[in-house]
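Pasting structure.cif here (mmCIF, C-alpha atoms):
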```cif
data_start
#
loop_
_atom_site.label_atom_id
_atom_site.label_comp_id
_atom_site.auth_asym_id
_atom_site.auth_seq_id
_atom_site.Cartn_x
_atom_site.Cartn_y
_atom_site.Cartn_z
CA MET A 1 -1.01 -82.49 60.70
CA TYR A 2 0.42 -85.57 59.04
CA ASN A 3 -1.52 -88.80 59.55
CA ASN A 4 0.63 -90.97 61.85
CA ARG A 5 -1.82 -93.79 62.35
CA SER A 6 -0.22 -97.02 63.65
CA PHE A 7 -0.11 -99.92 61.29
CA ASN A 8 -0.59 -103.16 63.29
CA GLN A 9 -2.58 -104.88 60.62
CA GLN A 10 -1.40 -106.44 57.39
CA VAL A 11 -1.16 -104.03 54.47
CA SER A 12 -3.16 -105.43 51.60
CA SER A 13 -0.88 -104.06 48.92
CA THR A 14 2.53 -102.59 48.48
CA PRO A 15 2.35 -98.79 49.07
CA ILE A 16 3.21 -96.71 46.04
CA GLN A 17 4.64 -93.18 45.81
CA LEU A 18 2.23 -90.56 44.50
CA LYS A 19 2.46 -86.82 43.98
CA ILE A 20 -0.10 -84.04 44.07
CA THR A 21 0.25 -80.30 43.42
CA GLY A 22 -1.74 -77.38 44.67
CA PRO A 23 -1.41 -73.68 45.53
CA THR A 24 -0.59 -74.57 49.17
CA LEU A 25 0.26 -77.62 51.26
CA GLU A 26 -3.13 -77.37 53.00
CA ALA A 27 -4.88 -77.47 49.62
CA CYS A 28 -3.01 -80.68 48.79
CA LYS A 29 -4.07 -82.23 52.13
CA GLU A 30 -7.68 -81.28 51.50
CA GLN A 31 -7.74 -83.05 48.15
CA LEU A 32 -5.99 -86.11 49.59
CA TYR A 33 -8.54 -86.33 52.36
CA LYS A 34 -11.38 -86.23 49.81
CA GLN A 35 -9.80 -89.08 47.88
CA PHE A 36 -8.33 -91.32 50.63
CA SER A 37 -9.91 -90.09 53.84
CA THR A 38 -7.14 -90.68 56.39
CA ASP A 39 -5.44 -93.58 54.65
CA TYR A 40 -2.41 -91.63 53.44
CA GLU A 41 0.76 -90.10 54.76
CA ILE A 42 2.68 -87.10 53.29
CA VAL A 43 6.37 -87.93 53.23
CA GLY A 44 7.70 -84.77 51.60
CA TYR A 45 6.83 -81.61 49.74
CA ARG A 46 8.56 -78.85 47.78
CA THR A 47 7.78 -75.75 45.73
CA VAL A 48 7.95 -76.09 41.94
CA MET A 49 7.22 -73.77 39.02
CA GLN A 50 4.15 -74.73 36.96
CA PRO A 51 4.01 -73.60 33.28
CA ARG A 52 0.94 -71.67 32.13
CA LEU A 53 -0.70 -71.51 28.68
CA GLY A 54 2.00 -73.56 27.04
CA GLY A 55 4.72 -71.19 28.20
CA LEU A 56 3.03 -68.03 26.96
CA LEU A 57 2.61 -66.79 30.53
CA SER A 58 5.25 -66.76 33.25
CA PRO A 59 5.27 -69.96 35.39
CA LYS A 60 3.65 -69.76 38.81
CA PRO A 61 4.89 -71.42 42.02
CA VAL A 62 2.87 -74.39 43.39
CA VAL A 63 3.42 -76.96 46.15
CA GLU A 64 4.19 -80.53 45.10
CA ALA A 65 3.48 -83.06 47.91
CA THR A 66 4.70 -86.68 47.89
CA TYR A 67 2.49 -89.15 49.77
CA ILE A 68 2.04 -92.87 50.45
CA THR A 69 -1.27 -94.74 50.63
CA LYS A 70 -1.97 -97.63 53.04
CA ASN A 71 -4.48 -99.58 50.99
CA THR A 72 -4.20 -101.02 47.53
CA VAL A 73 -4.29 -98.32 44.92
CA SER A 74 -5.15 -98.99 41.30
CA LEU A 75 -2.41 -98.31 38.81
CA SER A 76 -4.90 -96.33 36.77
CA LYS A 77 -4.99 -92.61 37.33
CA PRO A 78 -7.07 -91.65 40.42
CA SER A 79 -9.96 -89.23 40.16
CA ASP A 80 -8.71 -85.77 39.32
CA TYR A 81 -10.32 -83.93 42.19
CA TYR A 82 -7.79 -81.21 41.82
CA SER A 83 -6.11 -80.01 38.67
CA GLY A 84 -2.67 -80.55 40.11
CA VAL A 85 -2.98 -84.28 40.99
CA GLN A 86 -0.11 -86.33 39.53
CA SER A 87 1.01 -89.94 40.08
CA ASN A 88 4.18 -91.92 39.63
CA TYR A 89 2.29 -95.03 38.60
CA GLY A 90 4.04 -98.37 39.05
CA GLU A 91 6.81 -96.76 41.14
CA ILE A 92 7.35 -99.12 44.04
CA LEU A 93 8.90 -97.75 47.19
CA SER A 94 12.58 -98.51 47.28
CA GLY A 95 14.29 -99.73 50.41
CA MET A 96 11.41 -101.92 51.57
CA ASN A 97 12.46 -105.13 53.32
CA ARG A 98 11.15 -108.07 51.27
CA THR A 99 11.33 -111.84 51.48
CA SER A 100 10.70 -113.68 48.23
CA GLY A 101 8.82 -110.66 46.89
CA ALA A 102 6.40 -110.58 49.81
CA PRO A 103 4.88 -107.15 50.54
CA ALA A 104 6.09 -105.17 53.52
CA SER A 105 3.78 -105.60 56.44
CA SER A 106 5.39 -103.94 59.43
CA ARG A 107 5.49 -100.37 60.67
CA GLU A 108 9.28 -100.56 60.62
CA ASP A 109 9.25 -101.40 56.91
CA PHE A 110 6.95 -98.46 56.23
CA VAL A 111 9.16 -96.02 58.15
CA THR A 112 12.24 -97.34 56.36
CA ALA A 113 10.53 -96.82 53.01
CA ARG A 114 9.47 -93.31 53.98
CA ASN A 115 12.98 -92.37 55.07
CA ASN A 116 14.38 -93.62 51.78
CA ILE A 117 11.91 -91.45 49.90
CA LEU A 118 12.84 -88.42 52.00
CA LYS A 119 16.48 -89.08 51.27
CA GLN A 120 15.67 -89.25 47.57
CA GLN A 121 13.87 -85.91 47.86
CA ILE A 122 16.87 -84.31 49.52
CA ASP A 123 19.21 -85.65 46.84
CA SER A 124 16.82 -84.89 43.98
CA PRO A 125 17.77 -82.56 41.08
CA ALA A 126 15.24 -80.01 42.34
CA GLN A 127 16.93 -79.85 45.72
CA ASN A 128 20.29 -79.51 44.02
CA ALA A 129 18.85 -76.68 41.93
CA ILE A 130 17.72 -74.92 45.10
CA LYS A 131 21.19 -75.33 46.54
CA ASP A 132 22.63 -73.81 43.37
CA LEU A 133 20.23 -70.88 43.63
CA LEU A 134 21.30 -70.26 47.22
CA LYS A 135 24.93 -70.40 46.19
CA ASN A 136 24.25 -67.95 43.35
CA ALA A 137 22.43 -65.61 45.73
CA GLN A 138 25.41 -65.68 48.05
CA VAL A 139 27.77 -64.97 45.14
CA ASN A 140 25.56 -62.08 43.98
CA LYS A 141 25.61 -60.63 47.48
CA GLN A 142 29.39 -60.83 47.53
CA LEU A 143 29.53 -59.14 44.13
CA GLU A 144 27.31 -56.30 45.39
CA GLU A 145 29.59 -55.81 48.38
CA ILE A 146 32.62 -55.75 46.11
CA LYS A 147 30.90 -53.23 43.79
CA SER A 148 30.07 -50.99 46.75
CA LYS A 149 33.67 -51.08 47.91
CA ILE A 150 34.87 -50.27 44.40
CA ASP A 151 32.47 -47.31 44.14
CA THR A 152 33.65 -45.96 47.49
CA LEU A 153 37.26 -46.41 46.45
CA SER A 154 36.56 -44.67 43.14
CA MET A 155 35.09 -41.67 44.95
CA LYS A 156 38.08 -41.44 47.25
CA THR A 157 40.39 -41.83 44.28
CA ALA A 158 38.55 -39.06 42.44
CA GLU A 159 38.99 -36.81 45.45
CA ARG A 160 42.67 -37.60 45.55
CA GLU A 161 42.92 -36.98 41.81
CA GLU A 162 41.21 -33.54 41.94
CA HIS A 163 43.41 -31.02 40.22
CA PRO A 164 45.57 -29.09 42.73
CA SER A 165 44.29 -25.74 41.42
CA ILE A 166 40.70 -26.73 42.15
CA VAL A 167 41.71 -27.90 45.63
CA LYS A 168 43.50 -24.60 46.35
CA LEU A 169 40.63 -22.58 44.92
CA GLU A 170 38.13 -24.41 47.12
CA LYS A 171 40.16 -23.51 50.21
CA LEU A 172 40.12 -19.84 49.19
CA LEU A 173 36.34 -19.88 48.77
CA VAL A 174 35.89 -21.55 52.15
CA GLN A 175 38.20 -18.89 53.62
CA ASN A 176 35.83 -16.25 52.23
CA GLU A 177 32.83 -18.06 53.78
CA PHE A 178 31.06 -19.00 50.57
CA SER A 179 28.44 -21.70 51.02
CA PRO A 180 29.09 -25.36 50.05
CA PHE A 181 26.44 -25.04 47.31
CA TYR A 182 28.19 -22.00 45.82
CA ILE A 183 31.65 -23.60 46.03
CA GLU A 184 30.49 -26.77 44.28
CA GLU A 185 28.96 -24.67 41.50
CA ILE A 186 32.29 -22.92 40.92
CA LYS A 187 34.23 -26.20 41.00
CA ASN A 188 31.89 -27.81 38.49
CA ARG A 189 32.33 -24.87 36.15
CA LEU A 190 36.12 -25.18 36.41
CA ARG A 191 35.97 -28.89 35.59
CA LYS A 192 33.68 -28.24 32.65
CA GLU A 193 35.29 -25.18 31.05
CA PHE A 194 39.02 -25.53 31.82
CA SER A 195 41.47 -27.91 30.23
CA ILE A 196 44.21 -29.55 32.30
CA GLU A 197 46.75 -27.12 30.85
CA GLU A 198 44.59 -24.13 31.83
CA LEU A 199 44.07 -25.49 35.32
CA ASP A 200 47.83 -25.66 35.70
CA ASP A 201 47.86 -21.84 35.54
CA PHE A 202 46.53 -21.01 39.00
CA GLU A 203 46.57 -17.25 38.40
CA LEU A 204 44.31 -17.76 35.41
CA VAL A 205 42.02 -19.88 37.58
CA LYS A 206 41.81 -17.24 40.32
CA ASN A 207 41.18 -14.36 37.92
CA SER A 208 38.47 -16.31 36.13
CA VAL A 209 36.75 -17.18 39.40
CA VAL A 210 36.76 -13.50 40.41
CA ASP A 211 34.92 -12.73 37.18
CA TRP A 212 32.46 -15.56 37.82
CA ILE A 213 31.75 -14.28 41.33
CA GLY A 214 31.14 -10.85 39.81
CA GLU A 215 28.73 -12.36 37.29
CA ASN A 216 26.80 -13.91 40.15
CA ILE A 217 26.33 -10.55 41.91
CA LYS A 218 23.12 -8.85 40.80
CA ILE A 219 23.10 -5.07 41.21
CA ALA A 220 19.66 -3.45 41.19
CA GLY A 221 18.95 -0.94 38.45
CA LYS A 222 17.78 2.64 38.74
CA TYR A 223 14.30 3.53 39.96
CA LYS A 224 12.13 4.50 36.99
CA GLY A 225 8.87 5.31 38.75
CA LYS A 226 7.15 8.63 39.12
CA SER A 227 7.24 11.02 42.08
CA PRO A 228 6.85 10.63 44.90
CA HIS A 229 9.28 7.72 45.20
CA ILE A 230 7.93 5.76 48.18
CA ILE A 231 10.68 3.76 49.89
CA VAL A 232 9.79 1.18 52.54
CA ILE A 233 12.49 -0.69 54.45
CA VAL A 234 11.60 -3.98 56.13
CA GLY A 235 13.75 -6.52 57.91
CA PRO A 236 14.59 -8.20 61.21
CA THR A 237 15.16 -6.35 64.46
CA GLY A 238 18.50 -4.59 64.85
CA VAL A 239 19.68 -4.47 61.24
CA GLY A 240 19.59 -0.63 61.13
CA LYS A 241 16.40 0.20 59.21
CA THR A 242 15.80 3.56 60.90
CA THR A 243 19.40 4.65 60.49
CA THR A 244 19.35 3.60 56.83
CA ILE A 245 16.30 5.79 56.16
CA ALA A 246 18.09 8.73 57.75
CA LYS A 247 21.15 8.01 55.60
CA MET A 248 19.01 7.98 52.45
CA ALA A 249 17.46 11.34 53.29
CA SER A 250 20.90 12.70 54.14
CA LYS A 251 22.26 11.48 50.78
CA VAL A 252 19.47 13.35 48.94
CA LYS A 253 20.33 16.54 50.84
CA TYR A 254 24.04 16.12 50.16
CA LEU A 255 23.61 15.61 46.42
CA SER A 256 21.28 18.61 46.24
CA ARG A 257 23.89 20.87 47.80
CA LYS A 258 26.69 19.31 45.72
CA ASN A 259 24.75 20.14 42.56
CA ASN A 260 24.14 23.74 43.77
CA VAL A 261 20.36 23.41 43.84
CA PRO A 262 18.96 26.77 45.00
CA LYS A 263 17.45 26.88 48.47
CA GLY A 264 13.70 26.46 48.30
CA GLN A 265 14.03 24.21 45.26
CA GLU A 266 15.55 21.31 47.14
CA PRO A 267 13.75 17.96 46.88
CA VAL A 268 10.77 17.67 49.21
CA MET A 269 10.88 14.63 51.51
CA HIS A 270 8.71 13.16 54.26
CA MET A 271 9.43 10.36 56.73
CA ILE A 272 6.79 8.12 58.32
CA THR A 273 7.33 5.57 61.07
CA ILE A 274 5.01 2.65 61.64
CA ASP A 275 7.38 1.05 64.14
CA ASN A 276 5.08 0.39 67.08
CA MET A 277 7.27 -2.32 68.63
CA ARG A 278 10.53 -0.60 69.49
CA VAL A 279 10.67 1.86 72.37
CA ALA A 280 11.54 5.43 71.29
CA ALA A 281 11.55 4.44 67.58
CA ALA A 282 9.56 7.56 66.65
CA GLU A 283 11.82 9.76 68.77
CA GLN A 284 14.91 8.45 67.02
CA LEU A 285 13.49 9.17 63.56
CA GLU A 286 12.28 12.61 64.73
CA HIS A 287 15.81 13.37 65.87
CA TYR A 288 17.12 12.60 62.37
CA GLY A 289 14.27 14.54 60.75
CA GLU A 290 15.04 17.62 62.81
CA ALA A 291 18.70 17.48 61.83
CA LEU A 292 17.84 17.11 58.15
CA ASP A 293 14.89 19.51 58.19
CA VAL A 294 12.51 16.74 57.09
CA SER A 295 9.01 16.22 58.51
CA VAL A 296 8.36 13.04 60.51
CA GLU A 297 4.93 11.52 61.18
CA LYS A 298 3.79 8.42 63.03
CA ALA A 299 1.15 5.98 61.72
CA GLY A 300 -0.27 3.62 64.30
CA THR A 301 -2.80 1.94 62.02
CA LYS A 302 -3.37 1.18 58.37
CA ASP A 303 -5.90 4.01 58.19
CA ASP A 304 -3.31 6.43 59.58
CA LEU A 305 -0.81 5.36 56.94
CA GLU A 306 -3.34 5.70 54.14
CA THR A 307 -4.27 9.22 55.32
CA LEU A 308 -0.63 10.32 55.35
CA TYR A 309 -0.03 8.79 51.93
CA ARG A 310 -2.93 10.73 50.41
CA GLN A 311 -1.68 13.88 52.09
CA TYR A 312 1.85 13.49 50.69
CA ASN A 313 0.91 12.07 47.29
CA ASP A 314 1.97 15.09 45.25
CA PRO A 315 4.36 15.26 42.26
CA LYS A 316 6.24 18.01 44.09
CA VAL A 317 7.21 15.46 46.76
CA LYS A 318 10.39 13.66 45.74
CA PHE A 319 10.57 10.97 48.46
CA ILE A 320 8.40 9.38 51.14
CA PHE A 321 10.45 7.17 53.47
CA ILE A 322 8.55 4.63 55.60
CA ASP A 323 10.26 3.01 58.59
CA THR A 324 8.81 -0.30 59.85
CA SER A 325 8.94 -2.51 62.92
CA GLY A 326 11.57 -5.22 63.05
CA PHE A 327 10.40 -8.77 63.64
CA SER A 328 12.07 -12.11 64.09
CA PRO A 329 12.01 -14.15 60.86
CA ASN A 330 9.95 -16.71 62.83
CA ASP A 331 7.29 -14.16 63.81
CA ASN A 332 4.94 -15.01 60.95
CA LYS A 333 1.92 -13.39 62.60
CA ASN A 334 3.41 -9.90 62.88
CA ILE A 335 5.12 -10.15 59.50
CA ALA A 336 1.78 -10.98 57.87
CA GLY A 337 0.19 -8.06 59.76
CA LEU A 338 2.82 -5.67 58.40
CA VAL A 339 2.19 -6.90 54.86
CA LYS A 340 -1.52 -6.04 55.25
CA MET A 341 -0.74 -2.64 56.75
CA LEU A 342 1.40 -1.69 53.75
CA ASP A 343 -1.28 -2.78 51.29
CA ILE A 344 -2.59 0.72 50.58
CA PRO A 345 -4.58 1.20 47.33
CA LYS A 346 -2.50 2.85 44.58
CA MET A 347 0.51 3.22 46.90
CA HIS A 348 3.11 1.52 44.74
CA ALA A 349 5.85 1.37 47.31
CA ASP A 350 9.43 0.39 46.51
CA ILE A 351 10.18 -2.14 49.27
CA PHE A 352 13.73 -3.03 50.30
CA LEU A 353 14.82 -5.81 52.63
CA ALA A 354 17.60 -4.78 55.03
CA VAL A 355 19.95 -7.50 56.27
CA SER A 356 23.17 -7.33 58.22
CA ALA A 357 26.36 -8.30 56.37
CA SER A 358 27.40 -10.59 59.22
CA THR A 359 24.20 -12.69 59.16
CA LYS A 360 24.92 -16.41 59.10
CA THR A 361 24.04 -18.32 55.94
CA LYS A 362 21.22 -20.40 57.45
CA ASP A 363 19.69 -17.36 59.17
CA LEU A 364 19.87 -15.35 55.97
CA GLU A 365 18.11 -18.12 54.04
CA LYS A 366 15.29 -18.07 56.61
CA ILE A 367 15.01 -14.26 56.49
CA LEU A 368 14.74 -14.21 52.71
CA ARG A 369 12.20 -17.01 52.74
CA ASN A 370 9.91 -15.47 55.38
CA TYR A 371 10.13 -11.89 54.07
CA GLU A 372 9.48 -12.99 50.49
CA GLN A 373 5.79 -12.16 50.96
CA PHE A 374 6.65 -8.42 50.83
CA ASN A 375 7.73 -8.90 47.22
CA PHE A 376 10.72 -6.66 47.98
CA ARG A 377 12.56 -5.10 45.07
CA SER A 378 16.10 -5.80 46.29
CA VAL A 379 18.34 -6.00 49.35
CA ILE A 380 20.18 -3.38 51.37
CA ILE A 381 23.23 -4.84 53.11
CA THR A 382 23.87 -3.00 56.36
CA LYS A 383 26.81 -2.96 58.78
CA CYS A 384 29.37 -3.85 56.14
CA ASP A 385 32.00 -2.34 58.42
CA GLU A 386 31.42 -5.16 60.91
CA THR A 387 32.73 -7.94 58.66
CA SER A 388 35.56 -8.53 56.22
CA THR A 389 34.07 -11.39 54.19
CA TYR A 390 30.87 -11.44 52.16
CA GLY A 391 30.85 -14.97 50.79
CA ASN A 392 27.95 -15.97 53.04
CA ILE A 393 25.60 -13.26 51.87
CA LEU A 394 26.71 -13.36 48.22
CA SER A 395 26.11 -17.12 48.16
CA VAL A 396 22.53 -16.91 49.43
CA LEU A 397 21.57 -13.92 47.28
CA HIS A 398 22.91 -15.70 44.20
CA GLU A 399 21.03 -18.87 45.04
CA LYS A 400 17.79 -16.93 45.60
CA GLY A 401 18.31 -14.66 42.58
CA LYS A 402 18.13 -11.43 44.62
CA SER A 403 19.79 -8.14 43.75
CA ILE A 404 21.59 -5.60 45.95
CA SER A 405 20.79 -1.87 45.91
CA TRP A 406 22.70 -0.23 48.74
CA ILE A 407 25.31 -0.93 51.39
CA THR A 408 25.94 0.86 54.67
CA THR A 409 29.42 1.07 56.15
CA GLY A 410 29.10 2.73 59.55
CA GLN A 411 26.90 4.45 62.12
CA GLU A 412 27.44 7.99 60.90
CA VAL A 413 24.49 9.27 58.92
CA LEU A 414 26.57 11.11 56.34
CA ASN A 415 28.91 9.36 53.90
CA THR A 416 28.22 5.81 55.15
CA LEU A 417 25.62 4.87 52.53
CA GLU A 418 26.68 4.02 48.98
CA PRO A 419 25.23 2.24 45.96
CA ALA A 420 26.16 -1.42 45.76
CA SER A 421 28.83 -2.24 43.17
CA HIS A 422 30.68 -5.29 41.94
CA LEU A 423 34.01 -3.68 42.77
CA TYR A 424 33.14 -3.18 46.43
CA PHE A 425 32.55 -6.90 47.02
CA LEU A 426 35.24 -8.26 44.69
CA LYS A 427 38.07 -6.14 46.05
CA THR A 428 37.41 -7.53 49.54
CA LEU A 429 38.00 -11.15 48.46
CA ASP A 430 40.69 -12.61 50.69
CA GLY A 431 43.52 -14.40 48.86
CA PHE A 432 42.60 -13.12 45.39
CA ASP A 433 44.65 -10.54 43.50
CA VAL A 434 41.87 -8.36 42.13
CA ASP A 435 42.65 -6.08 39.20
CA GLU A 436 40.38 -3.08 39.84
CA ASN A 437 40.74 -1.68 36.32
CA HIS A 438 39.72 -5.04 34.89
CA ILE A 439 36.70 -5.21 37.23
CA LEU A 440 35.56 -1.71 36.26
CA GLN A 441 35.73 -2.70 32.62
CA GLN A 442 33.89 -5.96 33.22
CA PHE A 443 31.23 -4.42 35.48
CA PRO A 444 30.85 -0.66 34.91
CA ASN A 445 29.55 1.17 37.97
CA GLU A 446 26.30 3.09 38.00
CA THR A 447 26.96 6.73 37.26
CA ALA A 448 23.93 7.96 39.20
CA GLU A 449 24.09 8.08 42.98
CA GLU A 450 20.36 7.54 43.44
CA LYS A 451 18.89 4.21 42.48
#
```
Take the structure from the file and write it as structure tokens.
Amino acid sequence: MYNNRSFNQQVSSTPIQLKITGPTLEACKEQLYKQFSTDYEIVGYRTVMQPRLGGLLSPKPVVEATYITKNTVSLSKPSDYYSGVQSNYGEILSGMNRTSGAPASSREDFVTARNNILKQQIDSPAQNAIKDLLKNAQVNKQLEEIKSKIDTLSMKTAEREEHPSIVKLEKLLVQNEFSPFYIEEIKNRLRKEFSIEELDDFELVKNSVVDWIGENIKIAGKYKGKSPHIIVIVGPTGVGKTTTIAKMASKVKYLSRKNNVPKGQEPVMHMITIDNMRVAAAEQLEHYGEALDVSVEKAGTKDDLETLYRQYNDPKVKFIFIDTSGFSPNDNKNIAGLVKMLDIPKMHADIFLAVSASTKTKDLEKILRNYEQFNFRSVIITKCDETSTYGNILSVLHEKGKSISWITTGQEVLNTLEPASHLYFLKTLDGFDVDENHILQQFPNETAEEK
């Protein structure tokens, strides 16, 4: 605290104004106490910047305290107890009441002198500099607010100035349920590759975007492995895995008859179910097997599956179809268990992920992420007859870099499974005039039915 001792006795000398600097106000007080004991009073202090190493280093902030001593102080420099001690030698306090040059002797005179010094501090150049800094800070803040408003206005202006063709195209993509990520990618490509004159031709814009969508669709290539071709279908509950296996076996039978393969030389197939979760799953597959004249076995454990694989692992066997249990994408425990069950030595299975065409974008992203551990070859899109737009699924598969092998278009086992093609998805685009001949030239279909 400041020393507010009463002064009832005569002061032996006129008080003088002195200054001391230190890292803190308390440090200044400590040094003053060492030098004057309690015979001083601090009348003001401020923060100043102290140069270092002749200006080679950045200045550092220190506290500069102004104080008054009670007793006579020599006009020579006081002991430098602290490196920051400074004095305004010979500076006599202004505003002191004097008579014929007599020294001030009353408490009132001392207070008056102190107040005058404080007033000088307030009106000092340093205080004015601080005021200027505060004003500058306020101006800078106002400038930042103005800049922010300008940026916001610029964004809104840019939106308003978007070319009408890009605006119309965006609405068409939204209409087809493409994801925001996918739409922004298409818009950016239009801005980058099209001139203003080309954007004015909306038909050109639409046709180009159809081609770009086609480029983003990855169609899986043909299977090039050796016999038997082991096909495993995994995926969530209810997407139609069992029915898809039956459709695949039916397609093999159909193509064999279409190509006039003699009876007895038809491709040999076997079906295995490891679906232990769904009631009557084995019975359903057995029903299909009986209709197609294909054997059906059930594997309850990994050992059972390995035994059946060794039994069927013969070059004369064309296909081994394995049906699996369906799990929620959040059921990490059972999904991991299925991965381990399928890990049979030397069984190089061709794994497909089955997903419904009507799956929402966010759900599809989760399915792909959680089933990634199967290292599936590509995707089978089921229940294509239950939707009219494919933007959602095409967006996610493009973003994840996944290909499509097959699509299913109904519940009937025969004639509702077909190889995926660019034309199938592009000709369903709503609001686009798709030239089928152009699409077939741009993206030739696979000639072989079996992938």
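For the set A:Lys253, A:Val239, A:Lys340, A:Leu414, the residue with the smallest atom-to-atom gap to Glu386 in chain A is A:Val239, counting all atoms listed in the file.
Nearest residue to Tyr45 in chain A, choosing from A:Ala65, A:Ile186, A:Ile404, A:Ile439 and counting all atoms listed in the file: A:Ala65.
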Item to check | Matched chain/residue IDs from the PyMOL selection byres ((chain A and resi 377) around 6), as JSON, numbers by chain | outcome: {"A": [351, 352, 376, 378]}
Hey, what comes out of the PyMOL selection byres ((chain A and resi 68) around 9) on this file? Could you write it as a PDB file with C-alpha atoms, in the coordinates of the input?
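Below is the file that was written, selection.pdb:
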```pdb
ATOM      1  CA  PRO A  15       2.350 -98.790  49.070  1.00  0.00           C
ATOM      2  CA  ILE A  16       3.210 -96.710  46.040  1.00  0.00           C
ATOM      3  CA  GLN A  17       4.640 -93.180  45.810  1.00  0.00           C
ATOM      4  CA  LEU A  18       2.230 -90.560  44.500  1.00  0.00           C
ATOM      5  CA  LYS A  19       2.460 -86.820  43.980  1.00  0.00           C
ATOM      6  CA  ASP A  39      -5.440 -93.580  54.650  1.00  0.00           C
ATOM      7  CA  TYR A  40      -2.410 -91.630  53.440  1.00  0.00           C
ATOM      8  CA  GLU A  41       0.760 -90.100  54.760  1.00  0.00           C
ATOM      9  CA  ILE A  42       2.680 -87.100  53.290  1.00  0.00           C
ATOM     10  CA  VAL A  43       6.370 -87.930  53.230  1.00  0.00           C
ATOM     11  CA  THR A  66       4.700 -86.680  47.890  1.00  0.00           C
ATOM     12  CA  TYR A  67       2.490 -89.150  49.770  1.00  0.00           C
ATOM     13  CA  THR A  69      -1.270 -94.740  50.630  1.00  0.00           C
ATOM     14  CA  LYS A  70      -1.970 -97.630  53.040  1.00  0.00           C
ATOM     15  CA  ARG A 114       9.470 -93.310  53.980  1.00  0.00           C
TER      16      ARG A 114
END
```
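Counting only C-alpha atoms and comparing A:Glu418, A:Asp323, A:Glu372, A:Asp363, the residue that lies closest to Ile231 in chain A is A:Asp323.
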Using the chain letters and numbers from this file, what does the PyMOL selection byres ((chain A and resi 421) around 9) select? Give the answer as a short mmCIF file (atom, residue, chain, number, x, y, z; two decimals) with C-alpha atoms, in the coordinates of the input.
```cif
data_model
loop_
_atom_site.label_atom_id
_atom_site.label_comp_id
_atom_site.auth_asym_id
_atom_site.auth_seq_id
_atom_site.Cartn_x
_atom_site.Cartn_y
_atom_site.Cartn_z
CA ILE A 217 26.33 -10.55 41.91
CA ILE A 219 23.10 -5.07 41.21
CA ILE A 404 21.59 -5.60 45.95
CA SER A 405 20.79 -1.87 45.91
CA TRP A 406 22.70 -0.23 48.74
CA GLU A 418 26.68 4.02 48.98
CA PRO A 419 25.23 2.24 45.96
CA ALA A 420 26.16 -1.42 45.76
CA HIS A 422 30.68 -5.29 41.94
CA LEU A 423 34.01 -3.68 42.77
CA TYR A 424 33.14 -3.18 46.43
CA PHE A 425 32.55 -6.90 47.02
CA LEU A 426 35.24 -8.26 44.69
CA PHE A 443 31.23 -4.42 35.48
CA PRO A 444 30.85 -0.66 34.91
CA ASN A 445 29.55 1.17 37.97
CA GLU A 446 26.30 3.09 38.00
#
```
Residue contacts of Gly225 in chain A (12 Å, all atoms listed in the file) excluding same-chain residues fewer than 4 positions away, as a PDB file with C-alpha atoms, in the coordinates of the input:
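Wrote part11.pdb, looks like this:
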```
ATOM      1  CA  GLY A 221      18.950  -0.940  38.450  1.00  0.00           C
ATOM      2  CA  HIS A 229       9.280   7.720  45.200  1.00  0.00           C
ATOM      3  CA  ILE A 230       7.930   5.760  48.180  1.00  0.00           C
ATOM      4  CA  ILE A 231      10.680   3.760  49.890  1.00  0.00           C
ATOM      5  CA  PRO A 315       4.360  15.260  42.260  1.00  0.00           C
ATOM      6  CA  LYS A 318      10.390  13.660  45.740  1.00  0.00           C
ATOM      7  CA  PHE A 319      10.570  10.970  48.460  1.00  0.00           C
ATOM      8  CA  MET A 347       0.510   3.220  46.900  1.00  0.00           C
ATOM      9  CA  HIS A 348       3.110   1.520  44.740  1.00  0.00           C
ATOM     10  CA  ALA A 349       5.850   1.370  47.310  1.00  0.00           C
ATOM     11  CA  ASP A 350       9.430   0.390  46.510  1.00  0.00           C
ATOM     12  CA  LYS A 451      18.890   4.210  42.480  1.00  0.00           C
TER      13      LYS A 451
END
```
Checklist outcome for this item: With distances taken over only C-alpha atoms, the candidate from A:Asn216, A:Ser227, A:Thr324, A:Thr428 nearest Arg278 in chain A is A:Thr324
Item to check | Separation of CA of Arg369 in chain A from CA of Lys400 in chain A in Å | outcome: 9.1 Å
Next on the checklist: Report, in Å with one decimal, the straight-line distance from CA of Ile146 in chain A to CA of His163 in chain A.
Outcome noted: 27.6 Å
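Pairwise distance (CA of Pro61 in chain A, CA of Thr24 in chain A) equals 9.5 Å.
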Checklist outcome for this item: Across A:Val167, A:Ala281, A:Ile213, A:Met248, the smallest distance to Gln442 in chain A, with all atoms listed in the file counted, is shown by A:Ile213
Draw an axis-aligned box tight on the listed atoms of range 364-370 of chain A, then pad every side by 6 Å and write out centre and edge lengths in Å to one decimal as lines of an AutoDock Vina configuration file.
```
center_x = 14.9
center_y = -16.2
center_z = 54.7
size_x = 22.0
size_y = 15.9
size_z = 15.9
```
Next on the checklist: I want to know what sits within 12 Å of range 264-268 of chain A, based on all atoms listed in the file, with residues of the same chain fewer than 5 positions away left out; could you give that as a ChimeraX atom specification?
Outcome noted: /A:227-229,249-259,292-295,312-321
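Between Pro180 in chain A and the candidates A:Met271, A:Tyr371, A:Lys362, A:Thr387, the tightest atom-to-atom separation, counting all atoms listed in the file, involves A:Lys362.
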Item to check | Glu412 in chain A environment, 10 Å, only C-alpha atoms, sequence neighbours closer than 3 positions dropped, as number ranges by chain | outcome: A: 243, 246-247, 408-409, 415-417
